[in-house]
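Student: As input, take model-v8.csv (CSV, C-alpha atoms):
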```csv
chain,number,residue,atom,x,y,z
A,479,MET,CA,18.0,60.8,128.1
A,480,LEU,CA,18.2,64.5,127.3
A,481,ASP,CA,21.0,66.6,128.6
A,482,CYS,CA,18.6,69.5,128.9
A,483,ALA,CA,14.9,69.9,128.3
A,484,ILE,CA,13.7,73.4,127.7
A,485,ILE,CA,10.0,74.1,128.3
A,486,GLY,CA,8.7,77.0,126.3
A,487,GLY,CA,9.7,78.6,123.0
A,488,GLY,CA,9.7,82.4,123.6
A,489,PRO,CA,12.8,84.6,123.8
A,490,ALA,CA,14.0,82.9,127.0
A,491,GLY,CA,13.5,79.4,125.8
A,492,LEU,CA,15.1,80.0,122.4
A,493,THR,CA,18.1,81.8,123.8
A,494,ALA,CA,18.5,79.0,126.4
A,495,GLY,CA,18.5,76.5,123.5
A,496,LEU,CA,21.1,78.5,121.6
A,497,TYR,CA,23.5,78.7,124.5
A,498,ALA,CA,23.0,75.2,125.7
A,499,THR,CA,23.7,73.6,122.3
A,500,ARG,CA,26.5,76.0,121.3
A,501,GLY,CA,27.9,75.6,124.8
A,502,GLY,CA,28.5,71.9,124.5
A,503,LEU,CA,25.3,70.0,125.5
A,504,GLU,CA,24.6,67.5,122.7
A,505,ASN,CA,21.1,66.4,123.4
A,506,VAL,CA,18.8,69.4,123.9
A,507,THR,CA,15.1,69.6,123.1
A,508,MET,CA,12.8,72.6,123.3
A,509,PHE,CA,9.2,71.7,124.0
A,510,GLU,CA,6.8,74.2,122.4
A,511,LYS,CA,3.4,73.2,121.1
A,512,GLY,CA,3.0,76.2,118.8
A,513,MET,CA,5.2,78.4,116.8
A,514,PRO,CA,8.3,79.6,118.7
A,515,GLY,CA,8.5,83.3,119.4
A,516,GLY,CA,6.3,83.9,122.5
A,517,GLN,CA,3.9,86.8,123.3
A,518,ILE,CA,6.2,89.4,121.7
A,519,THR,CA,5.2,88.1,118.2
A,520,GLN,CA,1.8,89.8,118.8
A,521,SER,CA,3.4,93.2,119.4
A,522,SER,CA,2.9,95.8,116.6
A,523,GLU,CA,6.0,97.8,117.1
A,524,ILE,CA,9.4,97.2,118.8
A,525,GLU,CA,11.5,100.3,119.6
A,526,ASN,CA,13.7,99.1,122.5
A,527,TYR,CA,15.5,96.0,121.4
A,528,PRO,CA,19.3,96.8,121.2
A,529,GLY,CA,20.6,97.1,117.7
A,530,VAL,CA,17.1,97.2,116.1
A,531,THR,CA,16.2,100.5,114.4
A,532,GLY,CA,13.3,101.5,112.3
A,533,ASP,CA,9.8,100.0,112.2
A,534,ILE,CA,9.8,96.3,113.1
A,535,THR,CA,7.0,94.1,114.6
A,536,GLY,CA,7.4,91.5,117.2
A,537,MET,CA,6.9,88.8,114.6
A,538,ASP,CA,9.7,90.3,112.4
A,539,LEU,CA,12.1,90.4,115.4
A,540,MET,CA,11.5,86.7,116.4
A,541,MET,CA,11.4,85.2,112.9
A,542,PRO,CA,15.2,84.3,112.6
A,543,TRP,CA,15.6,83.1,116.2
A,544,PRO,CA,14.5,79.4,115.7
A,545,GLU,CA,16.6,78.9,112.7
A,546,GLN,CA,19.7,80.2,114.5
A,547,CYS,CA,19.1,77.9,117.4
A,548,GLN,CA,18.5,74.8,115.3
A,549,LYS,CA,21.8,75.5,113.4
A,550,PHE,CA,23.6,74.4,116.5
A,551,GLY,CA,21.5,71.3,117.1
A,552,LEU,CA,18.5,72.4,119.1
A,553,LYS,CA,15.5,70.1,118.5
A,554,HIS,CA,11.9,71.3,118.6
A,555,ASP,CA,9.3,69.0,119.9
A,556,MET,CA,5.8,70.4,119.1
A,557,SER,CA,4.2,69.0,122.1
A,558,GLU,CA,2.4,70.4,125.2
A,559,VAL,CA,4.1,69.6,128.5
A,560,LYS,CA,1.6,69.1,131.3
A,561,GLN,CA,3.9,68.3,134.2
A,562,ILE,CA,7.6,68.1,135.2
A,563,THR,CA,8.6,65.8,138.1
A,564,LYS,CA,11.9,64.6,139.5
A,565,ASN,CA,13.0,61.2,140.7
A,566,GLY,CA,16.6,61.1,142.1
A,567,ASN,CA,18.7,63.0,139.7
A,568,VAL,CA,16.4,62.4,136.7
A,569,PHE,CA,13.6,64.7,135.6
A,570,GLN,CA,10.5,63.4,133.9
A,571,VAL,CA,8.9,65.7,131.3
A,572,ILE,CA,5.3,64.4,131.0
A,573,LYS,CA,3.6,65.4,127.7
A,574,SER,CA,-0.1,65.9,127.2
A,575,ASP,CA,-0.3,62.4,125.6
A,576,ASP,CA,1.2,61.0,128.8
A,577,SER,CA,4.4,60.0,127.2
A,578,VAL,CA,7.5,60.7,129.3
A,579,VAL,CA,10.9,62.1,128.3
A,580,GLU,CA,13.7,62.0,130.8
A,581,ALA,CA,16.3,64.7,131.2
A,582,HIS,CA,19.4,65.5,133.4
A,583,SER,CA,18.3,69.2,133.6
A,584,VAL,CA,15.3,71.3,132.8
A,585,ILE,CA,14.9,75.0,132.0
A,586,VAL,CA,11.3,76.2,132.4
A,587,CYS,CA,10.4,79.3,130.3
A,588,THR,CA,6.7,79.1,130.0
A,589,GLY,CA,6.1,82.8,130.5
A,590,SER,CA,2.8,84.3,131.4
A,591,SER,CA,-0.7,84.9,129.9
A,592,PRO,CA,-2.8,88.1,129.6
A,593,ARG,CA,-4.9,88.6,132.7
A,594,ARG,CA,-8.6,89.1,132.6
A,595,ALA,CA,-9.8,92.5,133.9
A,596,GLY,CA,-12.8,90.9,135.7
A,597,PHE,CA,-15.7,93.2,134.6
A,598,LYS,CA,-19.2,92.0,133.7
A,599,GLY,CA,-19.5,90.7,130.1
A,600,GLU,CA,-15.7,90.2,129.6
A,601,GLU,CA,-15.9,86.4,129.3
A,602,GLU,CA,-19.2,86.5,127.5
A,603,PHE,CA,-17.9,88.7,124.7
A,604,PHE,CA,-14.3,87.5,124.7
A,605,GLY,CA,-13.4,86.9,121.1
A,606,LYS,CA,-16.6,88.7,120.1
A,607,GLY,CA,-15.4,92.2,120.6
A,608,VAL,CA,-13.3,91.8,123.7
A,609,SER,CA,-9.6,91.1,122.9
A,610,THR,CA,-6.1,91.1,124.4
A,611,CYS,CA,-4.3,91.5,121.1
A,612,ALA,CA,-4.5,94.7,119.1
A,613,THR,CA,-2.2,93.3,116.4
A,614,CYS,CA,-4.5,90.3,115.9
A,615,ASP,CA,-7.8,92.0,116.0
A,616,GLY,CA,-7.3,95.7,115.4
A,617,PHE,CA,-7.9,95.4,111.7
A,618,PHE,CA,-11.5,94.5,112.3
A,619,TYR,CA,-12.1,98.0,113.7
A,620,LYS,CA,-10.5,100.0,110.9
A,621,GLY,CA,-12.2,103.4,110.8
A,622,LYS,CA,-14.2,102.7,114.0
A,623,GLU,CA,-13.9,103.7,117.6
A,624,VAL,CA,-12.5,101.3,120.2
A,625,ALA,CA,-11.7,101.3,123.9
A,626,VAL,CA,-8.4,100.2,125.6
A,627,ILE,CA,-8.2,99.3,129.2
A,628,GLY,CA,-4.9,99.6,131.1
A,629,GLY,CA,-2.1,102.0,132.1
A,630,GLY,CA,1.2,100.1,131.5
A,631,ASP,CA,3.6,100.1,128.6
A,632,THR,CA,1.6,97.4,126.7
A,633,ALA,CA,-1.7,99.3,127.0
A,634,LEU,CA,-0.3,102.6,125.8
A,635,GLU,CA,1.7,101.0,123.0
A,636,GLU,CA,-1.3,99.2,121.7
A,637,ALA,CA,-3.5,102.3,122.0
A,638,LEU,CA,-1.0,104.1,119.8
A,639,TYR,CA,-1.1,101.2,117.3
A,640,LEU,CA,-4.9,101.2,117.3
A,641,ALA,CA,-4.9,105.0,116.8
A,642,LYS,CA,-3.2,104.4,113.4
A,643,ILE,CA,-6.2,102.4,112.1
A,644,CYS,CA,-9.2,103.4,114.2
A,645,SER,CA,-11.0,106.7,114.1
A,646,LYS,CA,-10.8,107.1,117.9
A,647,VAL,CA,-9.3,105.3,120.9
A,648,TYR,CA,-10.7,105.7,124.5
A,649,LEU,CA,-7.9,104.9,126.9
A,650,ILE,CA,-9.4,103.8,130.2
A,651,HIS,CA,-7.2,103.8,133.3
A,652,ARG,CA,-8.1,103.5,137.0
A,653,ARG,CA,-5.5,106.1,138.1
A,654,ASP,CA,-4.7,109.6,136.9
A,655,ALA,CA,-1.1,108.7,136.0
A,656,PHE,CA,0.4,106.0,133.8
A,657,ARG,CA,3.1,103.4,134.7
A,658,ALA,CA,4.5,103.4,131.2
A,659,ALA,CA,7.8,104.8,129.9
A,660,PRO,CA,7.7,108.7,129.8
A,661,ASN,CA,8.3,108.8,126.0
A,662,THR,CA,5.3,106.5,125.4
A,663,VAL,CA,3.1,108.5,127.8
A,664,LYS,CA,4.0,111.7,125.9
A,665,ARG,CA,3.2,110.2,122.5
A,666,VAL,CA,-0.2,109.1,123.9
A,667,GLU,CA,-1.0,112.5,125.4
A,668,GLU,CA,-0.1,114.3,122.1
A,669,ASN,CA,-2.2,111.9,119.9
A,670,GLU,CA,-5.4,113.7,118.9
A,671,LYS,CA,-7.2,110.4,118.3
A,672,ILE,CA,-6.7,109.1,121.8
A,673,GLU,CA,-9.1,110.3,124.6
A,674,LEU,CA,-7.9,109.7,128.1
A,675,VAL,CA,-10.6,108.4,130.5
A,676,LEU,CA,-8.8,108.5,133.8
A,677,ASN,CA,-9.7,107.6,137.4
A,678,ALA,CA,-12.3,105.2,135.9
A,679,VAL,CA,-12.8,101.4,135.8
A,680,PRO,CA,-14.7,99.2,133.4
A,681,ASP,CA,-18.1,98.3,134.9
A,682,GLU,CA,-19.7,96.3,132.1
A,683,VAL,CA,-19.3,95.4,128.4
A,684,TYR,CA,-22.6,94.9,126.7
A,685,GLY,CA,-23.8,93.8,123.3
A,686,ASP,CA,-25.9,91.3,121.4
A,687,ALA,CA,-25.5,88.2,119.3
A,688,SER,CA,-23.4,90.1,116.8
A,689,GLY,CA,-20.8,91.2,119.4
A,690,VAL,CA,-20.0,94.2,121.6
A,691,ASN,CA,-22.0,97.4,121.4
A,692,GLY,CA,-20.3,99.4,124.1
A,693,ILE,CA,-18.7,99.6,127.5
A,694,LYS,CA,-19.9,101.3,130.7
A,695,VAL,CA,-17.1,102.8,132.9
A,696,LYS,CA,-17.4,104.0,136.5
A,697,SER,CA,-15.5,107.0,137.8
A,698,LYS,CA,-14.1,107.3,141.3
A,699,ASP,CA,-17.2,109.3,142.2
A,700,GLY,CA,-19.5,106.4,141.1
A,701,GLU,CA,-20.7,108.1,138.0
A,702,LEU,CA,-21.4,105.8,135.0
A,703,ARG,CA,-20.4,106.7,131.5
A,704,ASP,CA,-21.6,104.8,128.4
A,705,ILE,CA,-19.0,104.6,125.7
A,706,VAL,CA,-20.4,103.2,122.4
A,707,VAL,CA,-17.7,101.1,120.7
A,708,PRO,CA,-17.7,97.7,118.9
A,709,GLY,CA,-14.3,96.7,120.2
A,710,VAL,CA,-12.7,96.6,123.7
A,711,PHE,CA,-9.0,95.7,124.3
A,712,THR,CA,-7.7,94.8,127.7
A,713,PHE,CA,-4.1,95.0,128.9
A,714,VAL,CA,-4.1,94.7,132.7
A,715,GLY,CA,-1.1,92.5,133.3
A,716,ASN,CA,-0.3,88.8,133.1
A,717,ASP,CA,-0.6,85.6,135.1
A,718,VAL,CA,2.4,83.2,135.4
A,719,ASN,CA,2.1,80.0,133.5
A,720,HIS,CA,3.4,77.7,136.2
A,721,GLN,CA,1.1,74.7,135.7
A,722,THR,CA,3.9,72.3,134.6
A,723,LEU,CA,5.5,72.7,138.0
A,724,ILE,CA,2.4,71.6,140.0
A,725,GLN,CA,2.9,68.1,141.5
A,726,GLU,CA,0.3,65.4,142.2
A,727,ASN,CA,-0.1,66.5,145.8
A,728,GLY,CA,-0.7,70.1,144.8
A,729,THR,CA,2.7,71.4,145.8
A,730,PHE,CA,5.2,72.9,143.4
A,731,LEU,CA,8.4,71.3,142.2
A,732,CYS,CA,10.4,74.3,143.5
A,733,ASP,CA,9.9,77.3,145.7
A,734,MET,CA,7.5,80.0,144.5
A,735,ASN,CA,6.4,83.4,145.8
A,736,GLU,CA,2.9,84.5,146.7
A,737,GLN,CA,2.3,85.7,143.2
A,738,GLY,CA,3.1,82.2,141.8
A,739,GLN,CA,6.4,83.3,140.3
A,740,VAL,CA,9.4,81.0,140.5
A,741,ILE,CA,12.1,82.0,143.0
A,742,VAL,CA,15.5,81.9,141.4
A,743,ASP,CA,19.0,83.2,142.2
A,744,LEU,CA,21.2,85.3,139.9
A,745,SER,CA,22.1,82.1,138.0
A,746,MET,CA,18.5,81.3,137.4
A,747,ARG,CA,18.8,78.3,139.7
A,748,THR,CA,15.6,77.3,141.5
A,749,SER,CA,15.4,75.5,144.9
A,750,THR,CA,15.5,72.1,143.0
A,751,ALA,CA,18.9,71.1,141.8
A,752,GLY,CA,19.0,70.9,138.0
A,753,LEU,CA,15.9,73.0,137.5
A,754,PHE,CA,16.2,76.5,136.2
A,755,ALA,CA,13.6,79.1,135.3
A,756,ALA,CA,13.9,82.1,133.0
A,757,GLY,CA,11.8,84.9,131.5
A,758,ASP,CA,8.5,86.3,132.6
A,759,MET,CA,7.8,83.4,135.0
A,760,ARG,CA,10.6,84.2,137.4
A,761,ILE,CA,10.6,86.6,140.3
A,762,GLU,CA,11.1,90.3,139.6
A,763,ALA,CA,11.0,89.7,135.8
A,764,PRO,CA,11.2,93.0,133.9
A,765,LYS,CA,9.0,91.4,131.2
A,766,GLN,CA,11.2,92.6,128.3
A,767,VAL,CA,12.5,90.6,125.4
A,768,VAL,CA,16.1,91.5,126.0
A,769,SER,CA,15.8,90.6,129.7
A,770,ALA,CA,14.1,87.2,128.9
A,771,ALA,CA,16.9,86.5,126.4
A,772,GLY,CA,19.5,87.3,129.0
A,773,ASP,CA,17.8,85.0,131.5
A,774,GLY,CA,17.8,82.2,129.0
A,775,ALA,CA,21.5,82.6,128.4
A,776,VAL,CA,22.3,82.6,132.1
A,777,ALA,CA,20.1,79.6,132.7
A,778,ALA,CA,21.7,77.6,129.9
A,779,ILE,CA,25.2,78.4,131.2
A,780,SER,CA,24.2,77.2,134.7
A,781,ALA,CA,22.6,74.1,133.2
A,782,ILE,CA,25.8,73.2,131.3
A,783,ALA,CA,27.8,73.5,134.6
A,784,TYR,CA,25.2,71.4,136.4
A,785,VAL,CA,25.2,68.6,133.8
A,786,ASP,CA,29.0,68.6,133.5
A,787,GLU,CA,29.3,68.1,137.2
A,788,LEU,CA,26.5,65.6,137.4
A,789,LEU,CA,28.1,63.4,134.7
A,790,ALA,CA,31.7,63.9,135.7
```
Just give me the structure as structure tokens.

Tutor:
Amino acid sequence: MLDCAIIGGGPAGLTAGLYATRGGLENVTMFEKGMPGGQITQSSEIENYPGVTGDITGMDLMMPWPEQCQKFGLKHDMSEVKQITKNGNVFQVIKSDDSVVEAHSVIVCTGSSPRRAGFKGEEEFFGKGVSTCATCDGFFYKGKEVAVIGGGDTALEEALYLAKICSKVYLIHRRDAFRAAPNTVKRVEENEKIELVLNAVPDEVYGDASGVNGIKVKSKDGELRDIVVPGVFTFVGNDVNHQTLIQENGTFLCDMNEQGQVIVDLSMRTSTAGLFAAGDMRIEAPKQVVSAAGDGAVAAISAIAYVDELLA
């Protein structure tokens, strides 16, 4: 029986593991099927994490976190969790091989996944010229022209990254203003290698057996423009990874909002006693590393108090 099961190994899950173990829970396991670190490991540049100065990638930032957590006794189970249920005061963590681990408390930190933009050809050419990770795939387009779709911080930051290695970046956004930080917007507007394609939406990505050949975009007036590029990068938001909370009858283990985000209070408590949620999957998440880490710390402190009271 675990004192606490942590589902997910991003900044929220790792910090929850650090605080839970250092705070006195003796049997804590983090379930993460892959390498811990989360989506931020794909980021090419981190400028806004407190105390971190100079050029640093998301991978560099997250590298020491697992070792620090494991120093205090956090265990890492490299398994995929397919469902979490509860019977009485005991949670069942059901893994993909149908084995079950029981726990007094659970902290869910499964984050979110990049959303598809929904234009024609996106699925057909995904991984063959269409990507959601500039750090992963930008190298393949060194010295070539690419297109970036989106208007938030991630889209603009990745456009700036691609501008360092590509000959030109077309930044396609459906509005005439961006939702990103003012400093990031200024850097994009001043970058001579980035062309802004505003008030336009992607209509179709086309290509052949070898991959993408270009993208057609449609303006607000309905005019089509053909942009010849071998690579298209989409950054249009994320979908919450809440699959582990879905029960056999199709309901959720705890209350959710209409967007599928977990409803929590300021202590990261859900509507189900002993179940906590942290990071990008919770309501009103800022989707920043520092915020996710803070969530994880709060959730762990709440879990410690819950388990102490439960076992008193």

Student: Could you list, as number ranges by chain, every residue within 8 Å of range 562-578 of chain A, counting all atoms listed in the file and ignoring same-chain residues fewer than 4 positions away?

Tutor: A: 483, 557-558, 582-584, 722-725, 731

Student: Let's have the selection written as a PDB file, in the coordinates of the input, with C-alpha atoms.

Tutor:
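result.pdb was written with the following content:
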```pdb
ATOM      1  CA  ALA A 483      14.900  69.900 128.300  1.00  0.00           C
ATOM      2  CA  SER A 557       4.200  69.000 122.100  1.00  0.00           C
ATOM      3  CA  GLU A 558       2.400  70.400 125.200  1.00  0.00           C
ATOM      4  CA  HIS A 582      19.400  65.500 133.400  1.00  0.00           C
ATOM      5  CA  SER A 583      18.300  69.200 133.600  1.00  0.00           C
ATOM      6  CA  VAL A 584      15.300  71.300 132.800  1.00  0.00           C
ATOM      7  CA  THR A 722       3.900  72.300 134.600  1.00  0.00           C
ATOM      8  CA  LEU A 723       5.500  72.700 138.000  1.00  0.00           C
ATOM      9  CA  ILE A 724       2.400  71.600 140.000  1.00  0.00           C
ATOM     10  CA  GLN A 725       2.900  68.100 141.500  1.00  0.00           C
ATOM     11  CA  LEU A 731       8.400  71.300 142.200  1.00  0.00           C
TER      12      LEU A 731
END
```

Student: Give me the residues near Lys620 in chain A as number ranges by chain, where near means some atom within 8 Å (using all atoms listed in the file) and where sequence neighbours in that chain fewer than 5 positions away do not count.

Tutor: A: 643-645

Student: Quick one: distance from CA of Tyr527 in chain A to CA of Lys553 in chain A in Å, one decimal?

Tutor: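 Calculated distance between CA of Tyr527 in chain A and CA of Lys553 in chain A is 26.1 Å.
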
Student: What's around range 765-773 of chain A at 9 Å? Count only C-alpha atoms, leave out sequence neighbours fewer than 4 positions away in its own chain, and write the answer as a list in words.

Tutor: Gly488, Pro489, Ala490, Gly491, Leu492, Thr493, Ala494, Ile518, Asn526, Tyr527, Pro528, Cys587, Ser745, Met746, Ala755, Ala756, Gly757, Asp758, Met759, Ala777 and Ala778 of chain A

Student: Applying 12 Å and all atoms listed in the file, which residues near Lys549 in chain A remain after dropping the ones on its own chain fewer than 5 positions away? List them as a ChimeraX atom specification.

Tutor: /A:495-497,499-500,542-544,554
